[in-house]
file protein.cif (mmCIF, C-alpha atoms, pLDDT in the B column; chains and numbers go by the auth columns)
data_run
#
loop_
_atom_site.group_PDB
_atom_site.id
_atom_site.type_symbol
_atom_site.label_atom_id
_atom_site.label_comp_id
_atom_site.label_asym_id
_atom_site.label_seq_id
_atom_site.Cartn_x
_atom_site.Cartn_y
_atom_site.Cartn_z
_atom_site.B_iso_or_equiv
_atom_site.auth_seq_id
_atom_site.auth_asym_id
ATOM 1 C CA MET A 1 16.790 13.142 2.532 54.00 1 A
ATOM 2 C CA SER A 2 13.362 13.908 3.883 64.00 2 A
ATOM 3 C CA GLY A 3 11.643 13.131 0.577 74.00 3 A
ATOM 4 C CA ILE A 4 13.245 9.699 0.471 75.00 4 A
ATOM 5 C CA GLN A 5 12.152 8.974 4.024 77.00 5 A
ATOM 6 C CA GLU A 6 8.509 9.768 3.239 80.00 6 A
ATOM 7 C CA SER A 7 8.328 7.425 0.220 87.00 7 A
ATOM 8 C CA ILE A 8 6.007 4.504 1.026 91.00 8 A
ATOM 9 C CA ILE A 9 7.757 2.229 -1.507 92.00 9 A
ATOM 10 C CA ILE A 10 11.187 2.704 0.047 92.00 10 A
ATOM 11 C CA ARG A 11 9.849 2.308 3.596 92.00 11 A
ATOM 12 C CA THR A 12 8.079 -0.957 2.730 93.00 12 A
ATOM 13 C CA VAL A 13 11.009 -2.384 0.770 94.00 13 A
ATOM 14 C CA VAL A 14 13.405 -1.550 3.606 93.00 14 A
ATOM 15 C CA ARG A 15 11.111 -3.155 6.173 93.00 15 A
ATOM 16 C CA ILE A 16 10.971 -6.350 4.069 95.00 16 A
ATOM 17 C CA MET A 17 14.683 -6.380 3.160 94.00 17 A
ATOM 18 C CA VAL A 18 16.281 -5.726 6.571 94.00 18 A
ATOM 19 C CA PRO A 19 15.508 -9.191 8.101 95.00 19 A
ATOM 20 C CA PHE A 20 16.858 -10.957 5.001 96.00 20 A
ATOM 21 C CA ILE A 21 20.052 -8.877 4.982 94.00 21 A
ATOM 22 C CA ALA A 22 20.520 -9.725 8.667 94.00 22 A
ATOM 23 C CA LEU A 23 19.926 -13.433 7.958 95.00 23 A
ATOM 24 C CA PHE A 24 22.494 -13.328 5.135 93.00 24 A
ATOM 25 C CA ALA A 25 24.952 -11.683 7.531 93.00 25 A
ATOM 26 C CA LEU A 26 24.497 -14.545 10.020 93.00 26 A
ATOM 27 C CA TYR A 27 25.034 -17.034 7.166 93.00 27 A
ATOM 28 C CA VAL A 28 28.247 -15.260 6.168 92.00 28 A
ATOM 29 C CA ILE A 29 29.531 -15.298 9.763 92.00 29 A
ATOM 30 C CA ILE A 30 28.846 -19.009 10.337 90.00 30 A
ATOM 31 C CA HIS A 31 29.913 -20.082 6.834 87.00 31 A
ATOM 32 C CA GLY A 32 33.173 -18.140 7.135 81.00 32 A
ATOM 33 C CA ALA A 33 35.208 -21.085 8.397 77.00 33 A
ATOM 34 C CA SER A 34 34.606 -23.215 5.298 80.00 34 A
ATOM 35 C CA GLY A 35 34.299 -20.648 2.514 82.00 35 A
ATOM 36 C CA PRO A 36 34.489 -16.962 1.661 84.00 36 A
ATOM 37 C CA GLY A 37 33.189 -14.705 4.381 82.00 37 A
ATOM 38 C CA GLY A 38 33.832 -14.461 8.066 86.00 38 A
ATOM 39 C CA GLY A 39 33.229 -12.388 11.154 88.00 39 A
ATOM 40 C CA PHE A 40 34.325 -9.067 9.685 91.00 40 A
ATOM 41 C CA GLN A 41 32.305 -9.276 6.474 92.00 41 A
ATOM 42 C CA GLY A 42 29.234 -10.628 8.276 93.00 42 A
ATOM 43 C CA GLY A 43 29.468 -7.899 10.896 93.00 43 A
ATOM 44 C CA VAL A 44 29.711 -5.236 8.198 94.00 44 A
ATOM 45 C CA ILE A 45 26.653 -6.643 6.390 94.00 45 A
ATOM 46 C CA PHE A 46 24.664 -6.818 9.652 94.00 46 A
ATOM 47 C CA GLY A 47 25.732 -3.246 10.432 94.00 47 A
ATOM 48 C CA ALA A 48 24.683 -2.191 6.921 93.00 48 A
ATOM 49 C CA ALA A 49 21.205 -3.652 7.563 94.00 49 A
ATOM 50 C CA ILE A 50 20.799 -1.546 10.710 93.00 50 A
ATOM 51 C CA ILE A 51 22.298 1.519 8.989 93.00 51 A
ATOM 52 C CA LEU A 52 19.775 1.060 6.146 92.00 52 A
ATOM 53 C CA TYR A 53 16.919 0.950 8.664 93.00 53 A
ATOM 54 C CA ALA A 54 18.244 4.019 10.511 91.00 54 A
ATOM 55 C CA MET A 55 18.686 5.926 7.224 89.00 55 A
ATOM 56 C CA ILE A 56 15.071 5.475 6.166 90.00 56 A
ATOM 57 C CA TYR A 57 13.212 5.376 9.498 90.00 57 A
ATOM 58 C CA GLY A 58 15.351 8.072 11.143 87.00 58 A
ATOM 59 C CA ILE A 59 18.293 8.059 13.502 88.00 59 A
ATOM 60 C CA GLU A 60 16.009 8.197 16.537 87.00 60 A
ATOM 61 C CA ASP A 61 14.229 4.973 15.525 87.00 61 A
ATOM 62 C CA GLY A 62 17.610 3.392 14.805 87.00 62 A
ATOM 63 C CA LYS A 63 18.798 4.298 18.281 89.00 63 A
ATOM 64 C CA LYS A 64 15.731 2.525 19.682 89.00 64 A
ATOM 65 C CA ILE A 65 17.165 -0.713 18.225 87.00 65 A
ATOM 66 C CA ILE A 66 20.780 -0.108 19.261 89.00 66 A
ATOM 67 C CA SER A 67 21.244 2.745 21.705 90.00 67 A
ATOM 68 C CA ASP A 68 24.645 4.233 22.479 90.00 68 A
ATOM 69 C CA LYS A 69 24.791 2.263 25.723 93.00 69 A
ATOM 70 C CA VAL A 70 24.006 -1.050 23.954 93.00 70 A
ATOM 71 C CA ASN A 71 26.628 -0.112 21.339 93.00 71 A
ATOM 72 C CA ARG A 72 29.306 0.247 23.970 93.00 72 A
ATOM 73 C CA ILE A 73 28.304 -3.034 25.630 95.00 73 A
ATOM 74 C CA LEU A 74 28.218 -4.926 22.293 93.00 74 A
ATOM 75 C CA SER A 75 31.580 -3.623 21.066 93.00 75 A
ATOM 76 C CA SER A 76 33.269 -4.760 24.280 94.00 76 A
ATOM 77 C CA THR A 77 31.349 -8.074 24.391 94.00 77 A
ATOM 78 C CA GLY A 78 32.816 -9.114 21.047 93.00 78 A
ATOM 79 C CA LEU A 79 36.321 -8.323 22.231 94.00 79 A
ATOM 80 C CA VAL A 80 35.738 -10.357 25.404 95.00 80 A
ATOM 81 C CA LEU A 81 34.499 -13.320 23.324 93.00 81 A
ATOM 82 C CA TYR A 82 37.592 -13.198 21.101 93.00 82 A
ATOM 83 C CA ALA A 83 40.165 -12.670 23.834 94.00 83 A
ATOM 84 C CA GLY A 84 38.349 -15.037 26.210 93.00 84 A
ATOM 85 C CA THR A 85 38.481 -17.870 23.668 92.00 85 A
ATOM 86 C CA GLY A 86 42.164 -17.233 23.085 91.00 86 A
ATOM 87 C CA LEU A 87 42.936 -17.112 26.775 92.00 87 A
ATOM 88 C CA LEU A 88 40.809 -20.231 27.427 91.00 88 A
ATOM 89 C CA CYS A 89 43.175 -22.149 25.138 91.00 89 A
ATOM 90 C CA MET A 90 46.120 -20.795 27.145 91.00 90 A
ATOM 91 C CA VAL A 91 44.448 -21.858 30.406 91.00 91 A
ATOM 92 C CA PHE A 92 44.323 -25.456 29.133 90.00 92 A
ATOM 93 C CA GLY A 93 48.014 -25.398 28.280 87.00 93 A
ATOM 94 C CA GLY A 94 47.975 -24.474 24.584 87.00 94 A
ATOM 95 C CA LYS A 95 49.058 -21.353 22.782 90.00 95 A
ATOM 96 C CA PHE A 96 46.817 -18.309 22.185 91.00 96 A
ATOM 97 C CA LEU A 97 43.872 -19.502 20.005 87.00 97 A
ATOM 98 C CA GLN A 98 45.249 -23.065 19.808 88.00 98 A
ATOM 99 C CA TYR A 99 41.759 -24.585 19.746 87.00 99 A
ATOM 100 C CA ASN A 100 42.570 -28.265 20.022 85.00 100 A
ATOM 101 C CA ALA A 101 44.079 -27.781 23.505 85.00 101 A
ATOM 102 C CA VAL A 102 40.604 -27.287 25.015 85.00 102 A
ATOM 103 C CA PRO A 103 38.987 -30.609 26.123 86.00 103 A
ATOM 104 C CA LEU A 104 35.439 -29.473 25.320 84.00 104 A
ATOM 105 C CA PHE A 105 34.560 -32.452 23.062 86.00 105 A
ATOM 106 C CA PRO A 106 36.363 -35.787 22.656 87.00 106 A
ATOM 107 C CA ASN A 107 37.102 -34.903 19.031 88.00 107 A
ATOM 108 C CA PRO A 108 39.621 -31.975 18.849 85.00 108 A
ATOM 109 C CA ALA A 109 38.427 -31.017 15.338 87.00 109 A
ATOM 110 C CA GLU A 110 34.884 -30.546 16.661 88.00 110 A
ATOM 111 C CA THR A 111 36.164 -28.339 19.495 88.00 111 A
ATOM 112 C CA ALA A 112 38.178 -26.292 17.008 88.00 112 A
ATOM 113 C CA ALA A 113 35.110 -25.772 14.806 88.00 113 A
ATOM 114 C CA ILE A 114 32.931 -24.651 17.747 89.00 114 A
ATOM 115 C CA LEU A 115 35.546 -22.285 19.188 90.00 115 A
ATOM 116 C CA MET A 116 36.302 -20.863 15.725 90.00 116 A
ATOM 117 C CA ASP A 117 32.606 -19.990 15.374 90.00 117 A
ATOM 118 C CA VAL A 118 32.688 -18.317 18.811 92.00 118 A
ATOM 119 C CA VAL A 119 35.638 -16.183 17.690 92.00 119 A
ATOM 120 C CA GLU A 120 33.904 -15.291 14.407 92.00 120 A
ATOM 121 C CA VAL A 121 30.722 -14.279 16.244 93.00 121 A
ATOM 122 C CA GLY A 122 32.809 -12.121 18.589 94.00 122 A
ATOM 123 C CA ILE A 123 34.448 -10.330 15.655 93.00 123 A
ATOM 124 C CA GLY A 124 31.051 -9.880 14.017 94.00 124 A
ATOM 125 C CA ILE A 125 29.459 -8.335 17.125 95.00 125 A
ATOM 126 C CA THR A 126 32.304 -5.834 17.559 95.00 126 A
ATOM 127 C CA VAL A 127 32.349 -4.823 13.872 94.00 127 A
ATOM 128 C CA LEU A 128 28.549 -4.448 13.857 94.00 128 A
ATOM 129 C CA ALA A 129 28.570 -2.192 16.914 94.00 129 A
ATOM 130 C CA VAL A 130 31.457 -0.053 15.665 94.00 130 A
ATOM 131 C CA MET A 131 29.954 0.389 12.175 93.00 131 A
ATOM 132 C CA VAL A 132 26.573 1.420 13.589 93.00 132 A
ATOM 133 C CA SER A 133 28.119 3.831 16.096 93.00 133 A
ATOM 134 C CA LEU A 134 30.271 5.349 13.309 92.00 134 A
ATOM 135 C CA PHE A 135 27.135 6.028 11.275 92.00 135 A
ATOM 136 C CA PHE A 136 25.242 7.453 14.260 92.00 136 A
ATOM 137 C CA ASP A 137 28.149 9.763 15.106 90.00 137 A
ATOM 138 C CA ILE A 138 28.871 10.967 11.557 89.00 138 A
ATOM 139 C CA SER A 139 25.297 11.467 10.309 86.00 139 A
ATOM 140 C CA PRO A 140 23.961 15.008 10.733 82.00 140 A
ATOM 141 C CA PRO A 141 21.466 15.641 13.545 77.00 141 A
ATOM 142 C CA GLU A 142 17.930 15.089 12.347 65.00 142 A
ATOM 143 C CA THR A 143 16.148 17.704 14.449 57.00 143 A
ATOM 144 C CA GLU A 144 17.601 20.571 12.361 52.00 144 A
ATOM 145 C CA ASP A 145 16.198 19.080 9.142 50.00 145 A
ATOM 146 C CA ASP A 146 12.794 18.483 10.698 49.00 146 A
ATOM 147 C CA GLU A 147 12.668 22.065 11.961 45.00 147 A
ATOM 148 C CA MET A 148 13.902 23.514 8.679 45.00 148 A
ATOM 149 C CA PHE A 149 11.625 21.557 6.399 45.00 149 A
ATOM 150 C CA PRO A 150 8.148 22.493 7.753 45.00 150 A
ATOM 151 C CA GLU A 151 9.154 26.179 7.766 44.00 151 A
ATOM 152 C CA GLU A 152 9.990 26.031 4.070 46.00 152 A
ATOM 153 C CA VAL A 153 6.689 24.294 3.341 46.00 153 A
ATOM 154 C CA GLU A 154 4.697 26.887 5.299 44.00 154 A
ATOM 155 C CA GLN A 155 6.339 29.774 3.496 41.00 155 A
ATOM 156 C CA MET B 1 40.117 -14.491 -23.691 62.00 1 B
ATOM 157 C CA ILE B 2 40.107 -13.610 -19.999 83.00 2 B
ATOM 158 C CA TRP B 3 42.928 -11.065 -20.313 88.00 3 B
ATOM 159 C CA ILE B 4 40.607 -8.848 -22.377 91.00 4 B
ATOM 160 C CA LEU B 5 38.284 -8.722 -19.343 90.00 5 B
ATOM 161 C CA ASP B 6 41.233 -8.007 -17.035 90.00 6 B
ATOM 162 C CA ILE B 7 42.572 -5.171 -19.199 93.00 7 B
ATOM 163 C CA SER B 8 39.145 -3.554 -19.596 93.00 8 B
ATOM 164 C CA LEU B 9 38.442 -3.817 -15.848 93.00 9 B
ATOM 165 C CA LEU B 10 41.790 -2.224 -14.991 94.00 10 B
ATOM 166 C CA LEU B 11 41.142 0.484 -17.594 95.00 11 B
ATOM 167 C CA PHE B 12 37.775 1.267 -15.976 94.00 12 B
ATOM 168 C CA LEU B 13 39.551 1.268 -12.610 94.00 13 B
ATOM 169 C CA VAL B 14 42.039 3.929 -13.753 95.00 14 B
ATOM 170 C CA ILE B 15 39.266 6.000 -15.343 95.00 15 B
ATOM 171 C CA CYS B 16 37.219 5.869 -12.113 94.00 16 B
ATOM 172 C CA ALA B 17 40.226 6.773 -9.967 94.00 17 B
ATOM 173 C CA VAL B 18 41.156 9.775 -12.140 95.00 18 B
ATOM 174 C CA ALA B 19 37.520 10.921 -12.339 94.00 19 B
ATOM 175 C CA ALA B 20 37.045 10.652 -8.564 92.00 20 B
ATOM 176 C CA ILE B 21 39.928 13.009 -7.810 91.00 21 B
ATOM 177 C CA THR B 22 39.315 15.511 -10.617 93.00 22 B
ATOM 178 C CA ILE B 23 35.541 16.036 -10.308 91.00 23 B
ATOM 179 C CA LYS B 24 34.345 19.146 -8.424 88.00 24 B
ATOM 180 C CA ASP B 25 31.017 17.873 -7.075 88.00 25 B
ATOM 181 C CA LEU B 26 31.829 15.790 -4.005 89.00 26 B
ATOM 182 C CA LEU B 27 28.646 13.687 -4.168 90.00 27 B
ATOM 183 C CA SER B 28 29.592 12.596 -7.691 92.00 28 B
ATOM 184 C CA ALA B 29 33.095 11.811 -6.434 92.00 29 B
ATOM 185 C CA VAL B 30 31.664 9.573 -3.703 93.00 30 B
ATOM 186 C CA VAL B 31 29.456 7.702 -6.188 93.00 31 B
ATOM 187 C CA ILE B 32 32.395 7.253 -8.582 95.00 32 B
ATOM 188 C CA LEU B 33 34.503 5.975 -5.690 93.00 33 B
ATOM 189 C CA SER B 34 31.737 3.449 -4.960 94.00 34 B
ATOM 190 C CA ALA B 35 31.866 2.292 -8.593 94.00 35 B
ATOM 191 C CA TYR B 36 35.656 2.071 -8.241 94.00 36 B
ATOM 192 C CA SER B 37 35.212 -0.243 -5.236 94.00 37 B
ATOM 193 C CA LEU B 38 32.769 -2.441 -7.141 94.00 38 B
ATOM 194 C CA ILE B 39 35.181 -2.830 -10.097 94.00 39 B
ATOM 195 C CA MET B 40 38.004 -3.463 -7.646 94.00 40 B
ATOM 196 C CA ALA B 41 35.927 -6.266 -6.072 94.00 41 B
ATOM 197 C CA ILE B 42 35.525 -7.890 -9.505 93.00 42 B
ATOM 198 C CA VAL B 43 39.288 -7.556 -10.058 93.00 43 B
ATOM 199 C CA TRP B 44 39.900 -9.277 -6.702 93.00 44 B
ATOM 200 C CA VAL B 45 37.633 -12.152 -7.802 92.00 45 B
ATOM 201 C CA GLU B 46 39.625 -12.335 -11.049 91.00 46 B
ATOM 202 C CA MET B 47 42.769 -12.682 -8.938 90.00 47 B
ATOM 203 C CA GLN B 48 41.207 -15.626 -6.986 90.00 48 B
ATOM 204 C CA ALA B 49 41.008 -13.578 -3.757 90.00 49 B
ATOM 205 C CA VAL B 50 37.321 -14.111 -2.972 90.00 50 B
ATOM 206 C CA ASP B 51 37.619 -13.150 0.705 91.00 51 B
ATOM 207 C CA VAL B 52 39.193 -9.792 -0.133 92.00 52 B
ATOM 208 C CA ALA B 53 36.584 -9.243 -2.839 93.00 53 B
ATOM 209 C CA PHE B 54 33.827 -9.872 -0.278 91.00 54 B
ATOM 210 C CA THR B 55 35.364 -7.327 2.090 91.00 55 B
ATOM 211 C CA GLU B 56 35.860 -4.807 -0.713 92.00 56 B
ATOM 212 C CA ALA B 57 32.226 -5.116 -1.820 92.00 57 B
ATOM 213 C CA ALA B 58 30.806 -4.915 1.719 91.00 58 B
ATOM 214 C CA VAL B 59 33.050 -2.195 3.145 91.00 59 B
ATOM 215 C CA GLY B 60 34.273 -0.267 0.105 89.00 60 B
ATOM 216 C CA ALA B 61 31.106 -0.155 -1.960 89.00 61 B
ATOM 217 C CA GLY B 62 28.633 -0.380 0.926 88.00 62 B
ATOM 218 C CA VAL B 63 29.382 1.143 4.295 92.00 63 B
ATOM 219 C CA THR B 64 32.119 3.592 3.279 92.00 64 B
ATOM 220 C CA THR B 65 29.825 5.197 0.700 92.00 65 B
ATOM 221 C CA VAL B 66 27.101 5.656 3.302 91.00 66 B
ATOM 222 C CA LEU B 67 29.573 7.170 5.763 92.00 67 B
ATOM 223 C CA PHE B 68 30.973 9.520 3.085 92.00 68 B
ATOM 224 C CA ILE B 69 27.474 10.687 2.135 90.00 69 B
ATOM 225 C CA ALA B 70 26.538 11.157 5.792 88.00 70 B
ATOM 226 C CA ALA B 71 29.660 13.277 6.282 89.00 71 B
ATOM 227 C CA LEU B 72 28.885 15.128 3.044 89.00 72 B
ATOM 228 C CA ALA B 73 25.449 16.105 4.373 85.00 73 B
ATOM 229 C CA ARG B 74 27.236 18.296 6.919 85.00 74 B
ATOM 230 C CA THR B 75 29.143 20.247 4.243 82.00 75 B
ATOM 231 C CA ASP B 76 28.131 22.279 1.176 76.00 76 B
ATOM 232 C CA GLY B 77 29.282 19.475 -1.129 70.00 77 B
ATOM 233 C CA ARG B 78 31.737 21.406 -3.336 75.00 78 B
ATOM 234 C CA SER B 79 35.493 21.029 -3.601 72.00 79 B
ATOM 235 C CA GLU B 80 37.524 24.232 -3.182 71.00 80 B
ATOM 236 C CA ASP B 81 40.425 23.276 -5.441 64.00 81 B
#

call {"tool": "encode", "arguments": {"input": "protein.cif", "output": "structure tokens"}}
result
Amino acid sequence: MSGIQESIIIRTVVRIMVPFIALFALYVIIHGASGPGGGFQGGVIFGAAIILYAMIYGIEDGKKIISDKVNRILSSTGLVLYAGTGLLCMVFGGKFLQYNAVPLFPNPAETAAILMDVVEVGIGITVLAVMVSLFFDISPPETEDDEMFPEEVEQ
Amino acid sequence: MIWILDISLLLFLVICAVAAITIKDLLSAVVILSAYSLIMAIVWVEMQAVDVAFTEAAVGAGVTTVLFIAALARTDGRSED
């Protein structure tokens, strides 16, 4: 693990790749209504980008991007976006997630498209936060490796 | 023509599944399971289920493998049985 993290090639490639993976994840989330993809897949890909960064640059650096507190806030924000959109439709007299009941735009199809994107983004945020927190919780603590490795080198 | 592809993909799928549960080294089992997910994604595309294939490729071959390897780093990496 430590040898991989020290490789300059892998560090540079990861630093270049992570923004593009994140951009592709946003494309998948927004494009999900009209083609393959959607909130879940986009959230997983975005989470994979952050997991890739945390794998190579260390868990501590990864937690500087998304700390445990931010993780908790993000995973509940997505749920609020999803449930809030559904309940907003009920407030305006429709059923749960019946988009065309909301008088946001004159054209009901346009309202449905906008609200569908809000729901997809909500799903994506929750999946991203849960995937990243799963990786942070499962991965072994780094301090032990860092303490063990220099000792072996010294001996 | 296309059924030859289907049969060979399903054959690889069975081989990967049997290899993943019989192999002793757990890291090899995780990598074989990742290959299984990738073949399964192609089979989903063959069955016109592109959305499921996308999920299988992102979750099965991507994140699950990373999580398995991260969990494996806490063990000695050998199967007892």

call {"tool": "resolve_selection", "arguments": {"input": "protein.cif", "expression": "the PyMOL selection byres ((chain B) within 9 of (chain A))", "output": "list of chain:residue names"}}
result
B:Val50, B:Asp51, B:Val52, B:Phe54, B:Thr55, B:Ala58, B:Val59, B:Gly62, B:Val63, B:Val66, B:Leu67, B:Phe68, B:Ile69, B:Ala70, B:Ala71, B:Leu72, B:Ala73, B:Arg74

call {"tool": "resolve_selection", "arguments": {"input": "protein.cif", "expression": "the PyMOL selection byres ((chain A and resi 85) around 10)", "output": "PyMOL selection string"}}
result
chain A and resi 79-84+86-91+96-99+102+115-116+118-119+122

call {"tool": "resolve_selection", "arguments": {"input": "protein.cif", "expression": "the PyMOL selection byres ((chain B and resi 44) around 12)", "output": "NGL selection string"}}
result
:B and (6 or 9-10 or 37-43 or 45-57)

call {"tool": "write_last_selection", "arguments": {"input": "protein.cif", "atoms": "C-alpha atoms", "output": "mmCIF file, keeping the file's coordinate frame"}}
result
data_model
loop_
_atom_site.group_PDB
_atom_site.id
_atom_site.type_symbol
_atom_site.label_atom_id
_atom_site.label_comp_id
_atom_site.auth_asym_id
_atom_site.auth_seq_id
_atom_site.Cartn_x
_atom_site.Cartn_y
_atom_site.Cartn_z
ATOM 1 C CA ASP B 6 41.233 -8.007 -17.035
ATOM 2 C CA LEU B 9 38.442 -3.817 -15.848
ATOM 3 C CA LEU B 10 41.790 -2.224 -14.991
ATOM 4 C CA SER B 37 35.212 -0.243 -5.236
ATOM 5 C CA LEU B 38 32.769 -2.441 -7.141
ATOM 6 C CA ILE B 39 35.181 -2.830 -10.097
ATOM 7 C CA MET B 40 38.004 -3.463 -7.646
ATOM 8 C CA ALA B 41 35.927 -6.266 -6.072
ATOM 9 C CA ILE B 42 35.525 -7.890 -9.505
ATOM 10 C CA VAL B 43 39.288 -7.556 -10.058
ATOM 11 C CA VAL B 45 37.633 -12.152 -7.802
ATOM 12 C CA GLU B 46 39.625 -12.335 -11.049
ATOM 13 C CA MET B 47 42.769 -12.682 -8.938
ATOM 14 C CA GLN B 48 41.207 -15.626 -6.986
ATOM 15 C CA ALA B 49 41.008 -13.578 -3.757
ATOM 16 C CA VAL B 50 37.321 -14.111 -2.972
ATOM 17 C CA ASP B 51 37.619 -13.150 0.705
ATOM 18 C CA VAL B 52 39.193 -9.792 -0.133
ATOM 19 C CA ALA B 53 36.584 -9.243 -2.839
ATOM 20 C CA PHE B 54 33.827 -9.872 -0.278
ATOM 21 C CA THR B 55 35.364 -7.327 2.090
ATOM 22 C CA GLU B 56 35.860 -4.807 -0.713
ATOM 23 C CA ALA B 57 32.226 -5.116 -1.820
#

call {"tool": "atom_distance", "arguments": {"input": "protein.cif", "atom1": "atom CA of A:Ala49", "atom2": "atom CA of A:Ile125"}}
result
13.5 Å

call {"tool": "atom_distance", "arguments": {"input": "protein.cif", "atom1": "atom CA of B:Val14", "atom2": "atom CA of B:Tyr36"}}
result
8.6 Å

call {"tool": "atom_distance", "arguments": {"input": "protein.cif", "atom1": "atom CA of A:Phe20", "atom2": "atom CA of A:Tyr53"}}
result
12.5 Å

call {"tool": "closest_residue", "arguments": {"input": "protein.cif", "among": "A:Gly39, A:Pro103, A:Pro108, A:Gly58", "to": "A:Gln5", "atoms": "all atoms listed in the file"}}
result
A:Gly58

call {"tool": "closest_residue", "arguments": {"input": "protein.cif", "among": "A:Ala54, A:Gly3, A:Asn107, A:Asp117", "to": "A:Ser67", "atoms": "all atoms listed in the file"}}
result
A:Ala54

call {"tool": "residues_around", "arguments": {"input": "protein.cif", "residues": "A:Phe46", "least_positions_apart": "4", "cutoff": "7 Å", "atoms": "all atoms listed in the file", "output": "list in words"}}
result
Ile21, Ala22, Ala25, Gly42, Ile50 and Leu128 of chain A

call {"tool": "residues_around", "arguments": {"input": "protein.cif", "residues": "A:Val14", "least_positions_apart": "3", "cutoff": "8 Å", "atoms": "all atoms listed in the file", "output": "PyMOL selection string"}}
result
chain A and resi 10-11+17-18+52-53+56

call {"tool": "residues_around", "arguments": {"input": "protein.cif", "residues": "A:Phe105", "least_positions_apart": "6", "cutoff": "10 Å", "atoms": "only C-alpha atoms", "output": "list of chain:residue names"}}
result
A:Thr111, A:Ala112, A:Ile114
